[in-house]
$ cat start21.cif   # mmCIF, C-alpha atoms, pLDDT in the B column; chains and numbers go by the auth columns
data_protein
loop_
_atom_site.group_PDB
_atom_site.id
_atom_site.type_symbol
_atom_site.label_atom_id
_atom_site.label_comp_id
_atom_site.label_asym_id
_atom_site.label_seq_id
_atom_site.Cartn_x
_atom_site.Cartn_y
_atom_site.Cartn_z
_atom_site.B_iso_or_equiv
_atom_site.auth_seq_id
_atom_site.auth_asym_id
ATOM 1 C CA MET A 1 -85.321 -23.343 -23.478 52.00 359 A
ATOM 2 C CA THR A 2 -82.736 -20.568 -23.535 64.00 360 A
ATOM 3 C CA LYS A 3 -83.595 -17.473 -25.515 83.00 361 A
ATOM 4 C CA LEU A 4 -80.437 -15.676 -26.522 90.00 362 A
ATOM 5 C CA ARG A 5 -80.680 -11.947 -26.926 93.00 363 A
ATOM 6 C CA ILE A 6 -78.597 -9.499 -28.882 95.00 364 A
ATOM 7 C CA GLY A 7 -75.466 -8.765 -26.846 95.00 365 A
ATOM 8 C CA ASP A 8 -75.484 -12.103 -24.985 97.00 366 A
ATOM 9 C CA ALA A 9 -72.391 -14.275 -25.029 97.00 367 A
ATOM 10 C CA ALA A 10 -72.811 -16.962 -27.677 97.00 368 A
ATOM 11 C CA PRO A 11 -72.737 -20.488 -26.249 97.00 369 A
ATOM 12 C CA ASP A 12 -69.460 -22.213 -27.021 96.00 370 A
ATOM 13 C CA PHE A 13 -69.514 -25.336 -29.160 98.00 371 A
ATOM 14 C CA GLU A 14 -67.306 -27.998 -30.680 98.00 372 A
ATOM 15 C CA LEU A 15 -68.886 -30.117 -33.407 98.00 373 A
ATOM 16 C CA PRO A 16 -67.687 -32.478 -36.127 98.00 374 A
ATOM 17 C CA GLY A 17 -68.466 -31.385 -39.643 98.00 375 A
ATOM 18 C CA THR A 18 -67.828 -31.734 -43.316 97.00 376 A
ATOM 19 C CA ARG A 19 -64.354 -31.344 -44.759 94.00 377 A
ATOM 20 C CA GLU A 20 -63.100 -33.828 -42.108 95.00 378 A
ATOM 21 C CA LYS A 21 -62.854 -31.065 -39.544 97.00 379 A
ATOM 22 C CA THR A 22 -63.996 -30.250 -36.038 98.00 380 A
ATOM 23 C CA TYR A 23 -65.459 -26.760 -35.729 98.00 381 A
ATOM 24 C CA ARG A 24 -65.379 -24.600 -32.604 98.00 382 A
ATOM 25 C CA LEU A 25 -66.781 -21.169 -31.856 98.00 383 A
ATOM 26 C CA ALA A 26 -63.237 -20.222 -30.792 96.00 384 A
ATOM 27 C CA ASP A 27 -62.106 -20.758 -34.418 96.00 385 A
ATOM 28 C CA TYR A 28 -63.897 -17.525 -35.320 96.00 386 A
ATOM 29 C CA VAL A 29 -62.408 -15.101 -32.782 93.00 387 A
ATOM 30 C CA ASP A 30 -60.963 -12.833 -35.468 89.00 388 A
ATOM 31 C CA THR A 31 -63.825 -12.907 -37.951 94.00 389 A
ATOM 32 C CA GLY A 32 -67.028 -13.780 -36.166 95.00 390 A
ATOM 33 C CA VAL A 33 -69.323 -16.400 -37.687 97.00 391 A
ATOM 34 C CA ILE A 34 -72.797 -16.825 -39.109 97.00 392 A
ATOM 35 C CA LEU A 35 -74.517 -19.887 -37.642 98.00 393 A
ATOM 36 C CA ALA A 36 -77.363 -21.212 -39.790 98.00 394 A
ATOM 37 C CA PHE A 37 -79.407 -23.814 -37.900 97.00 395 A
ATOM 38 C CA TYR A 38 -81.633 -25.928 -40.133 97.00 396 A
ATOM 39 C CA PRO A 39 -84.000 -28.882 -39.628 96.00 397 A
ATOM 40 C CA GLY A 40 -82.526 -31.433 -41.984 95.00 398 A
ATOM 41 C CA ASP A 41 -80.485 -32.492 -44.984 98.00 399 A
ATOM 42 C CA PHE A 42 -82.366 -33.191 -48.222 97.00 400 A
ATOM 43 C CA THR A 43 -85.591 -31.472 -47.108 95.00 401 A
ATOM 44 C CA PRO A 44 -87.114 -29.078 -49.663 95.00 402 A
ATOM 45 C CA VAL A 45 -86.638 -25.753 -47.849 94.00 403 A
ATOM 46 C CA CYS A 46 -83.215 -26.674 -46.449 95.00 404 A
ATOM 47 C CA THR A 47 -82.050 -27.716 -49.906 96.00 405 A
ATOM 48 C CA LYS A 48 -83.309 -24.442 -51.385 96.00 406 A
ATOM 49 C CA GLN A 49 -81.631 -22.493 -48.549 96.00 407 A
ATOM 50 C CA PHE A 50 -78.184 -24.027 -48.872 97.00 408 A
ATOM 51 C CA CYS A 51 -78.294 -24.068 -52.673 96.00 409 A
ATOM 52 C CA SER A 52 -79.024 -20.331 -52.554 96.00 410 A
ATOM 53 C CA TYR A 53 -75.957 -19.884 -50.319 96.00 411 A
ATOM 54 C CA ARG A 54 -73.950 -21.915 -52.827 96.00 412 A
ATOM 55 C CA ASP A 55 -75.204 -19.800 -55.713 96.00 413 A
ATOM 56 C CA ASP A 56 -74.371 -16.587 -53.837 94.00 414 A
ATOM 57 C CA GLY A 57 -71.076 -17.950 -52.487 91.00 415 A
ATOM 58 C CA ASP A 58 -69.051 -14.985 -53.739 94.00 416 A
ATOM 59 C CA ARG A 59 -71.374 -12.563 -51.944 92.00 417 A
ATOM 60 C CA ILE A 60 -71.229 -14.594 -48.733 92.00 418 A
ATOM 61 C CA GLU A 61 -67.438 -14.745 -48.930 92.00 419 A
ATOM 62 C CA GLY A 62 -67.427 -10.986 -49.521 92.00 420 A
ATOM 63 C CA LEU A 63 -69.161 -10.435 -46.183 92.00 421 A
ATOM 64 C CA GLY A 64 -65.891 -11.358 -44.483 93.00 422 A
ATOM 65 C CA VAL A 65 -67.738 -13.498 -41.944 95.00 423 A
ATOM 66 C CA PRO A 66 -67.617 -17.278 -42.430 96.00 424 A
ATOM 67 C CA MET A 67 -70.861 -19.259 -42.323 97.00 425 A
ATOM 68 C CA VAL A 68 -71.573 -22.757 -41.055 98.00 426 A
ATOM 69 C CA GLY A 69 -74.764 -24.791 -41.104 98.00 427 A
ATOM 70 C CA ILE A 70 -75.809 -26.819 -38.064 98.00 428 A
ATOM 71 C CA SER A 71 -78.374 -29.629 -37.923 98.00 429 A
ATOM 72 C CA PRO A 72 -78.826 -32.923 -36.075 98.00 430 A
ATOM 73 C CA GLN A 73 -77.918 -35.240 -38.953 98.00 431 A
ATOM 74 C CA SER A 74 -74.631 -37.116 -39.004 98.00 432 A
ATOM 75 C CA VAL A 75 -71.474 -35.956 -40.747 98.00 433 A
ATOM 76 C CA SER A 76 -72.047 -38.779 -43.255 98.00 434 A
ATOM 77 C CA SER A 77 -75.470 -37.346 -44.119 98.00 435 A
ATOM 78 C CA HIS A 78 -73.977 -33.855 -44.412 98.00 436 A
ATOM 79 C CA GLU A 79 -71.247 -35.140 -46.741 98.00 437 A
ATOM 80 C CA LYS A 80 -73.863 -36.754 -49.015 98.00 438 A
ATOM 81 C CA PHE A 81 -76.021 -33.599 -48.973 98.00 439 A
ATOM 82 C CA THR A 82 -72.967 -31.460 -49.783 98.00 440 A
ATOM 83 C CA ALA A 83 -71.834 -33.758 -52.604 98.00 441 A
ATOM 84 C CA LYS A 84 -75.275 -34.075 -54.193 98.00 442 A
ATOM 85 C CA HIS A 85 -75.822 -30.304 -54.335 98.00 443 A
ATOM 86 C CA GLY A 86 -72.242 -28.992 -54.564 97.00 444 A
ATOM 87 C CA LEU A 87 -72.647 -27.021 -51.344 97.00 445 A
ATOM 88 C CA ASN A 88 -69.868 -24.719 -50.172 96.00 446 A
ATOM 89 C CA VAL A 89 -70.944 -23.986 -46.578 97.00 447 A
ATOM 90 C CA PRO A 90 -69.485 -26.383 -43.993 98.00 448 A
ATOM 91 C CA LEU A 91 -72.201 -28.430 -42.270 98.00 449 A
ATOM 92 C CA LEU A 92 -71.849 -29.405 -38.618 98.00 450 A
ATOM 93 C CA ALA A 93 -73.396 -32.441 -36.934 98.00 451 A
ATOM 94 C CA ASP A 94 -75.229 -31.581 -33.697 98.00 452 A
ATOM 95 C CA THR A 95 -76.533 -35.128 -33.291 98.00 453 A
ATOM 96 C CA ASP A 96 -77.555 -34.743 -29.643 98.00 454 A
ATOM 97 C CA LYS A 97 -78.997 -31.251 -30.302 98.00 455 A
ATOM 98 C CA SER A 98 -76.963 -29.835 -27.419 97.00 456 A
ATOM 99 C CA VAL A 99 -75.828 -26.803 -29.413 98.00 457 A
ATOM 100 C CA ALA A 100 -79.328 -26.220 -30.782 97.00 458 A
ATOM 101 C CA LYS A 101 -80.648 -26.341 -27.201 96.00 459 A
ATOM 102 C CA ALA A 102 -77.973 -23.908 -26.010 96.00 460 A
ATOM 103 C CA TYR A 103 -79.006 -21.481 -28.759 97.00 461 A
ATOM 104 C CA GLY A 104 -82.709 -21.989 -28.009 95.00 462 A
ATOM 105 C CA VAL A 105 -83.719 -23.345 -31.397 96.00 463 A
ATOM 106 C CA VAL A 106 -85.275 -26.698 -30.500 95.00 464 A
ATOM 107 C CA GLY A 107 -89.002 -26.514 -31.120 91.00 465 A
ATOM 108 C CA PRO A 108 -91.933 -28.734 -30.181 88.00 466 A
ATOM 109 C CA GLY A 109 -91.307 -32.403 -30.757 91.00 467 A
ATOM 110 C CA GLY A 110 -87.552 -31.838 -30.827 93.00 468 A
ATOM 111 C CA MET A 111 -87.515 -30.291 -34.313 93.00 469 A
ATOM 112 C CA ILE A 112 -84.746 -27.802 -34.988 95.00 470 A
ATOM 113 C CA ARG A 113 -86.089 -24.385 -35.890 95.00 471 A
ATOM 114 C CA ARG A 114 -84.585 -22.637 -38.878 96.00 472 A
ATOM 115 C CA ALA A 115 -82.467 -19.887 -37.336 96.00 473 A
ATOM 116 C CA VAL A 116 -79.562 -17.590 -38.057 96.00 474 A
ATOM 117 C CA PHE A 117 -77.191 -16.063 -35.508 97.00 475 A
ATOM 118 C CA LEU A 118 -74.414 -13.631 -36.243 96.00 476 A
ATOM 119 C CA VAL A 119 -71.708 -13.929 -33.604 97.00 477 A
ATOM 120 C CA ASP A 120 -69.037 -11.241 -33.612 95.00 478 A
ATOM 121 C CA GLY A 121 -65.308 -11.793 -33.102 93.00 479 A
ATOM 122 C CA GLU A 122 -65.719 -11.255 -29.351 94.00 480 A
ATOM 123 C CA GLY A 123 -68.254 -14.076 -29.076 95.00 481 A
ATOM 124 C CA LYS A 124 -71.335 -11.853 -28.686 96.00 482 A
ATOM 125 C CA VAL A 125 -74.629 -12.435 -30.469 97.00 483 A
ATOM 126 C CA ARG A 126 -75.174 -9.446 -32.784 95.00 484 A
ATOM 127 C CA TYR A 127 -78.088 -10.749 -34.850 95.00 485 A
ATOM 128 C CA ARG A 128 -80.661 -13.473 -34.324 95.00 486 A
ATOM 129 C CA HIS A 129 -83.588 -14.709 -36.319 93.00 487 A
ATOM 130 C CA VAL A 130 -85.519 -17.797 -35.236 93.00 488 A
ATOM 131 C CA ALA A 131 -88.387 -18.876 -37.486 90.00 489 A
ATOM 132 C CA LEU A 132 -91.524 -20.280 -35.930 80.00 490 A
ATOM 133 C CA LEU A 133 -92.445 -22.397 -38.938 76.00 491 A
ATOM 134 C CA GLY A 134 -89.260 -22.574 -40.979 70.00 492 A
ATOM 135 C CA LEU A 135 -90.952 -22.317 -44.352 76.00 493 A
ATOM 136 C CA THR A 136 -88.682 -19.442 -45.339 82.00 494 A
ATOM 137 C CA PHE A 137 -85.048 -18.670 -44.677 89.00 495 A
ATOM 138 C CA ARG A 138 -82.709 -15.704 -44.338 89.00 496 A
ATOM 139 C CA ASP A 139 -81.208 -15.064 -47.749 87.00 497 A
ATOM 140 C CA VAL A 140 -77.892 -13.418 -48.597 89.00 498 A
ATOM 141 C CA ASP A 141 -79.491 -9.951 -48.631 90.00 499 A
ATOM 142 C CA ASP A 142 -80.617 -10.510 -45.018 90.00 500 A
ATOM 143 C CA LEU A 143 -77.161 -11.749 -44.027 90.00 501 A
ATOM 144 C CA ASP A 144 -75.528 -8.790 -45.753 91.00 502 A
ATOM 145 C CA ALA A 145 -77.780 -6.353 -43.867 91.00 503 A
ATOM 146 C CA ALA A 146 -76.939 -8.021 -40.534 90.00 504 A
ATOM 147 C CA VAL A 147 -73.188 -7.904 -41.164 90.00 505 A
ATOM 148 C CA THR A 148 -73.349 -4.334 -42.488 89.00 506 A
ATOM 149 C CA ALA A 149 -75.202 -3.235 -39.347 86.00 507 A
ATOM 150 C CA LEU A 150 -72.173 -4.356 -37.310 79.00 508 A
ATOM 151 C CA ALA A 151 -69.771 -2.090 -39.175 72.00 509 A
#
$ encode --input "start21.cif" --output "structure tokens"
Amino acid sequence: MTKLRIGDAAPDFELPGTREKTYRLADYVDTGVILAFYPGDFTPVCTKQFCSYRDDGDRIEGLGVPMVGISPQSVSSHEKFTAKHGLNVPLLADTDKSVAKAYGVVGPGGMIRRAVFLVDGEGKVRYRHVALLGLTFRDVDDLDAAVTALA
């Protein structure tokens, strides 16, 4: 499994997602992007994580770096998860886990590890956090600190 390090080129991707859109790393050349990998829609910690991002949406928007969530469920599942909880972060469907593998976040048994990567506008990894157990998540304060460190 690949272990990306700070300063490495972020693996390119193209994934379908919510909002009837296809998302590509290249879409974020000017702004950079926060990639939030998560194990699954409707699970307790993932629900808490993305609801916290919803609740702090103004702060996330104020970072000036868009965020997307990535997990192996289908776009249909993501749309239901988004609708049920009023989520505001686009969710991308990595159904074959190819992007998760490229970022080194597939754990034992094929589970996706909860992870956050900050990719700058030049496509370089500037922050990475990969949880071993995934019982906690990076909150908006953590994201703010990572983005601020880039400035």
$ atom_distance --input "start21.cif" --atom1 "atom CA of Gly468 of chain A" --atom2 "atom CA of Phe395 of chain A"
13.4 Å
$ residues_around --input "start21.cif" --residues "Ala460 of chain A" --least-positions-apart "5" --cutoff "12 Å" --atoms "all atoms listed in the file" --output "list of chain:residue names"
A:Met359, A:Thr360, A:Lys361, A:Leu362, A:Ala367, A:Ala368, A:Pro369, A:Asp370, A:Phe371, A:Phe395, A:Asp452, A:Asp454, A:Lys455, A:Ile470
$ write_last_selection --input "start21.cif" --atoms "C-alpha atoms" --output "PDB file, in the coordinates of the input"
ATOM      1  CA  MET A 359     -85.321 -23.343 -23.478  1.00 52.00           C
ATOM      2  CA  THR A 360     -82.736 -20.568 -23.535  1.00 64.00           C
ATOM      3  CA  LYS A 361     -83.595 -17.473 -25.515  1.00 83.00           C
ATOM      4  CA  LEU A 362     -80.437 -15.676 -26.522  1.00 90.00           C
ATOM      5  CA  ALA A 367     -72.391 -14.275 -25.029  1.00 97.00           C
ATOM      6  CA  ALA A 368     -72.811 -16.962 -27.677  1.00 97.00           C
ATOM      7  CA  PRO A 369     -72.737 -20.488 -26.249  1.00 97.00           C
ATOM      8  CA  ASP A 370     -69.460 -22.213 -27.021  1.00 96.00           C
ATOM      9  CA  PHE A 371     -69.514 -25.336 -29.160  1.00 98.00           C
ATOM     10  CA  PHE A 395     -79.407 -23.814 -37.900  1.00 97.00           C
ATOM     11  CA  ASP A 452     -75.229 -31.581 -33.697  1.00 98.00           C
ATOM     12  CA  ASP A 454     -77.555 -34.743 -29.643  1.00 98.00           C
ATOM     13  CA  LYS A 455     -78.997 -31.251 -30.302  1.00 98.00           C
ATOM     14  CA  ILE A 470     -84.746 -27.802 -34.988  1.00 95.00           C
TER      15      ILE A 470
END
$ residues_around --input "start21.cif" --residues "Leu450 of chain A" --least-positions-apart "6" --cutoff "12 Å" --atoms "all atoms listed in the file" --output "ChimeraX atom specification"
/A:371-383,393-396,398-399,425-437,439-440,457-458
$ write_last_selection --input "start21.cif" --atoms "C-alpha atoms" --output "PDB file, in the coordinates of the input"
ATOM      1  CA  PHE A 371     -69.514 -25.336 -29.160  1.00 98.00           C
ATOM      2  CA  GLU A 372     -67.306 -27.998 -30.680  1.00 98.00           C
ATOM      3  CA  LEU A 373     -68.886 -30.117 -33.407  1.00 98.00           C
ATOM      4  CA  PRO A 374     -67.687 -32.478 -36.127  1.00 98.00           C
ATOM      5  CA  GLY A 375     -68.466 -31.385 -39.643  1.00 98.00           C
ATOM      6  CA  THR A 376     -67.828 -31.734 -43.316  1.00 97.00           C
ATOM      7  CA  ARG A 377     -64.354 -31.344 -44.759  1.00 94.00           C
ATOM      8  CA  GLU A 378     -63.100 -33.828 -42.108  1.00 95.00           C
ATOM      9  CA  LYS A 379     -62.854 -31.065 -39.544  1.00 97.00           C
ATOM     10  CA  THR A 380     -63.996 -30.250 -36.038  1.00 98.00           C
ATOM     11  CA  TYR A 381     -65.459 -26.760 -35.729  1.00 98.00           C
ATOM     12  CA  ARG A 382     -65.379 -24.600 -32.604  1.00 98.00           C
ATOM     13  CA  LEU A 383     -66.781 -21.169 -31.856  1.00 98.00           C
ATOM     14  CA  LEU A 393     -74.517 -19.887 -37.642  1.00 98.00           C
ATOM     15  CA  ALA A 394     -77.363 -21.212 -39.790  1.00 98.00           C
ATOM     16  CA  PHE A 395     -79.407 -23.814 -37.900  1.00 97.00           C
ATOM     17  CA  TYR A 396     -81.633 -25.928 -40.133  1.00 97.00           C
ATOM     18  CA  GLY A 398     -82.526 -31.433 -41.984  1.00 95.00           C
ATOM     19  CA  ASP A 399     -80.485 -32.492 -44.984  1.00 98.00           C
ATOM     20  CA  MET A 425     -70.861 -19.259 -42.323  1.00 97.00           C
ATOM     21  CA  VAL A 426     -71.573 -22.757 -41.055  1.00 98.00           C
ATOM     22  CA  GLY A 427     -74.764 -24.791 -41.104  1.00 98.00           C
ATOM     23  CA  ILE A 428     -75.809 -26.819 -38.064  1.00 98.00           C
ATOM     24  CA  SER A 429     -78.374 -29.629 -37.923  1.00 98.00           C
ATOM     25  CA  PRO A 430     -78.826 -32.923 -36.075  1.00 98.00           C
ATOM     26  CA  GLN A 431     -77.918 -35.240 -38.953  1.00 98.00           C
ATOM     27  CA  SER A 432     -74.631 -37.116 -39.004  1.00 98.00           C
ATOM     28  CA  VAL A 433     -71.474 -35.956 -40.747  1.00 98.00           C
ATOM     29  CA  SER A 434     -72.047 -38.779 -43.255  1.00 98.00           C
ATOM     30  CA  SER A 435     -75.470 -37.346 -44.119  1.00 98.00           C
ATOM     31  CA  HIS A 436     -73.977 -33.855 -44.412  1.00 98.00           C
ATOM     32  CA  GLU A 437     -71.247 -35.140 -46.741  1.00 98.00           C
ATOM     33  CA  PHE A 439     -76.021 -33.599 -48.973  1.00 98.00           C
ATOM     34  CA  THR A 440     -72.967 -31.460 -49.783  1.00 98.00           C
ATOM     35  CA  VAL A 457     -75.828 -26.803 -29.413  1.00 98.00           C
ATOM     36  CA  ALA A 458     -79.328 -26.220 -30.782  1.00 97.00           C
TER      37      ALA A 458
END
$ residues_around --input "start21.cif" --residues "Lys482 of chain A" --least-positions-apart "5" --cutoff "10 Å" --atoms "only C-alpha atoms" --output "MDAnalysis selection string"
chainID A and resid 363:369 390 475:477
$ closest_residue --input "start21.cif" --among "A:Pro397, A:Val387, A:Ala509, A:Leu445" --to "Gly465 of chain A" --atoms "all atoms listed in the file"
A:Pro397
$ atom_distance --input "start21.cif" --atom1 "atom CA of Val403 of chain A" --atom2 "atom CA of Thr506 of chain A"
25.8 Å
$ atom_distance --input "start21.cif" --atom1 "atom CA of Thr389 of chain A" --atom2 "atom CA of Thr494 of chain A"
26.7 Å
$ residues_around --input "start21.cif" --residues "Asp499 of chain A" --least-positions-apart "6" --cutoff "12 Å" --atoms "all atoms listed in the file" --output "tab-separated table (two decimals) with C-alpha atoms, keeping the file's coordinate frame"
chain	number	residue	atom	x	y	z
A	410	SER	CA	-79.02	-20.33	-52.55
A	411	TYR	CA	-75.96	-19.88	-50.32
A	414	ASP	CA	-74.37	-16.59	-53.84
A	417	ARG	CA	-71.37	-12.56	-51.94
A	418	ILE	CA	-71.23	-14.59	-48.73
A	421	LEU	CA	-69.16	-10.44	-46.18
A	505	VAL	CA	-73.19	-7.90	-41.16
A	506	THR	CA	-73.35	-4.33	-42.49
$ closest_residue --input "start21.cif" --among "A:Arg472, A:Leu491, A:Gly481, A:Leu501" --to "Cys404 of chain A" --atoms "all atoms listed in the file"
A:Arg472
$ closest_residue --input "start21.cif" --among "A:Val391, A:Leu508, A:Val463, A:Ala384" --to "His487 of chain A" --atoms "only C-alpha atoms"
A:Val463
$ closest_residue --input "start21.cif" --among "A:Met469, A:Val423, A:Val498, A:Leu493" --to "Tyr386 of chain A" --atoms "only C-alpha atoms"
A:Val423
$ closest_residue --input "start21.cif" --among "A:Arg412, A:Arg471, A:Lys442, A:Arg486" --to "Asp500 of chain A" --atoms "only C-alpha atoms"
A:Arg486
$ closest_residue --input "start21.cif" --among "A:Thr453, A:Glu480, A:Phe495, A:Val488" --to "Thr405 of chain A" --atoms "all atoms listed in the file"
A:Phe495
$ axis_aligned_box --input "start21.cif" --around "segment 431-438 of chain A" --padding-each-side "4 Å" --output "lines of an AutoDock Vina configuration file"
center_x = -74.6
center_y = -36.3
center_z = -44.0
size_x = 14.7
size_y = 12.9
size_z = 18.1
$ decode --input "start21.cif" --residues "segment 479-488 of chain A" --atoms "all heavy atoms" --output "short mmCIF file (atom, residue, chain, number, x, y, z; two decimals), in the first residue's frame"
data_model
loop_
_atom_site.label_atom_id
_atom_site.label_comp_id
_atom_site.auth_asym_id
_atom_site.auth_seq_id
_atom_site.Cartn_x
_atom_site.Cartn_y
_atom_site.Cartn_z
N GLY A 479 -2.76 23.83 -4.40
CA GLY A 479 -3.14 24.15 -5.77
C GLY A 479 -2.17 23.63 -6.82
O GLY A 479 -2.50 23.61 -8.00
N GLU A 480 -0.99 23.20 -6.39
CA GLU A 480 -0.01 22.61 -7.31
C GLU A 480 -0.06 21.09 -7.31
O GLU A 480 0.75 20.44 -7.96
CB GLU A 480 1.40 23.09 -6.95
CG GLU A 480 1.56 24.60 -7.10
CD GLU A 480 2.92 25.08 -6.64
OE1 GLU A 480 3.76 24.27 -6.20
OE2 GLU A 480 3.13 26.31 -6.70
N GLY A 481 -1.03 20.53 -6.57
CA GLY A 481 -1.20 19.08 -6.55
C GLY A 481 -0.26 18.35 -5.61
O GLY A 481 -0.09 17.14 -5.72
N LYS A 482 0.28 19.05 -4.62
CA LYS A 482 1.18 18.44 -3.63
C LYS A 482 0.44 18.20 -2.32
O LYS A 482 -0.36 19.03 -1.89
CB LYS A 482 2.39 19.34 -3.35
CG LYS A 482 3.21 19.68 -4.56
CD LYS A 482 4.08 18.54 -4.96
CE LYS A 482 4.99 18.99 -6.10
NZ LYS A 482 5.65 17.90 -6.73
N VAL A 483 0.74 17.09 -1.68
CA VAL A 483 0.17 16.79 -0.38
C VAL A 483 0.86 17.69 0.65
O VAL A 483 2.08 17.69 0.77
CB VAL A 483 0.37 15.31 0.00
CG1 VAL A 483 -0.12 15.04 1.42
CG2 VAL A 483 -0.35 14.40 -0.99
N ARG A 484 0.07 18.48 1.37
CA ARG A 484 0.62 19.41 2.37
C ARG A 484 0.24 19.03 3.79
O ARG A 484 0.81 19.55 4.75
CB ARG A 484 0.16 20.84 2.07
CG ARG A 484 0.69 21.36 0.77
CD ARG A 484 2.20 21.39 0.79
NE ARG A 484 2.74 21.79 -0.50
CZ ARG A 484 3.98 21.60 -0.87
NH1 ARG A 484 4.82 20.99 -0.08
NH2 ARG A 484 4.37 21.98 -2.05
N TYR A 485 -0.74 18.14 3.93
CA TYR A 485 -1.15 17.65 5.24
C TYR A 485 -1.75 16.28 5.02
O TYR A 485 -2.42 16.03 4.02
CB TYR A 485 -2.21 18.59 5.85
CG TYR A 485 -2.85 18.07 7.13
CD1 TYR A 485 -2.26 18.33 8.36
CD2 TYR A 485 -4.03 17.34 7.09
CE1 TYR A 485 -2.84 17.87 9.55
CE2 TYR A 485 -4.62 16.88 8.26
CZ TYR A 485 -4.02 17.13 9.48
OH TYR A 485 -4.60 16.67 10.64
N ARG A 486 -1.47 15.38 5.97
CA ARG A 486 -2.09 14.05 5.92
C ARG A 486 -2.33 13.57 7.34
O ARG A 486 -1.50 13.79 8.22
CB ARG A 486 -1.26 13.05 5.14
CG ARG A 486 0.01 12.60 5.82
CD ARG A 486 0.81 11.56 5.03
NE ARG A 486 0.21 10.27 4.95
CZ ARG A 486 0.27 9.34 5.91
NH1 ARG A 486 0.90 9.57 7.03
NH2 ARG A 486 -0.31 8.17 5.73
N HIS A 487 -3.46 12.98 7.53
CA HIS A 487 -3.77 12.29 8.78
C HIS A 487 -4.55 11.04 8.42
O HIS A 487 -5.61 11.12 7.80
CB HIS A 487 -4.59 13.17 9.73
CG HIS A 487 -4.92 12.43 10.99
ND1 HIS A 487 -6.05 11.67 11.14
CD2 HIS A 487 -4.23 12.31 12.16
CE1 HIS A 487 -6.05 11.12 12.34
NE2 HIS A 487 -4.96 11.49 12.98
N VAL A 488 -4.00 9.89 8.80
CA VAL A 488 -4.67 8.61 8.55
C VAL A 488 -4.87 7.94 9.90
O VAL A 488 -3.90 7.64 10.60
CB VAL A 488 -3.85 7.71 7.61
CG1 VAL A 488 -4.58 6.39 7.36
CG2 VAL A 488 -3.56 8.42 6.28
#
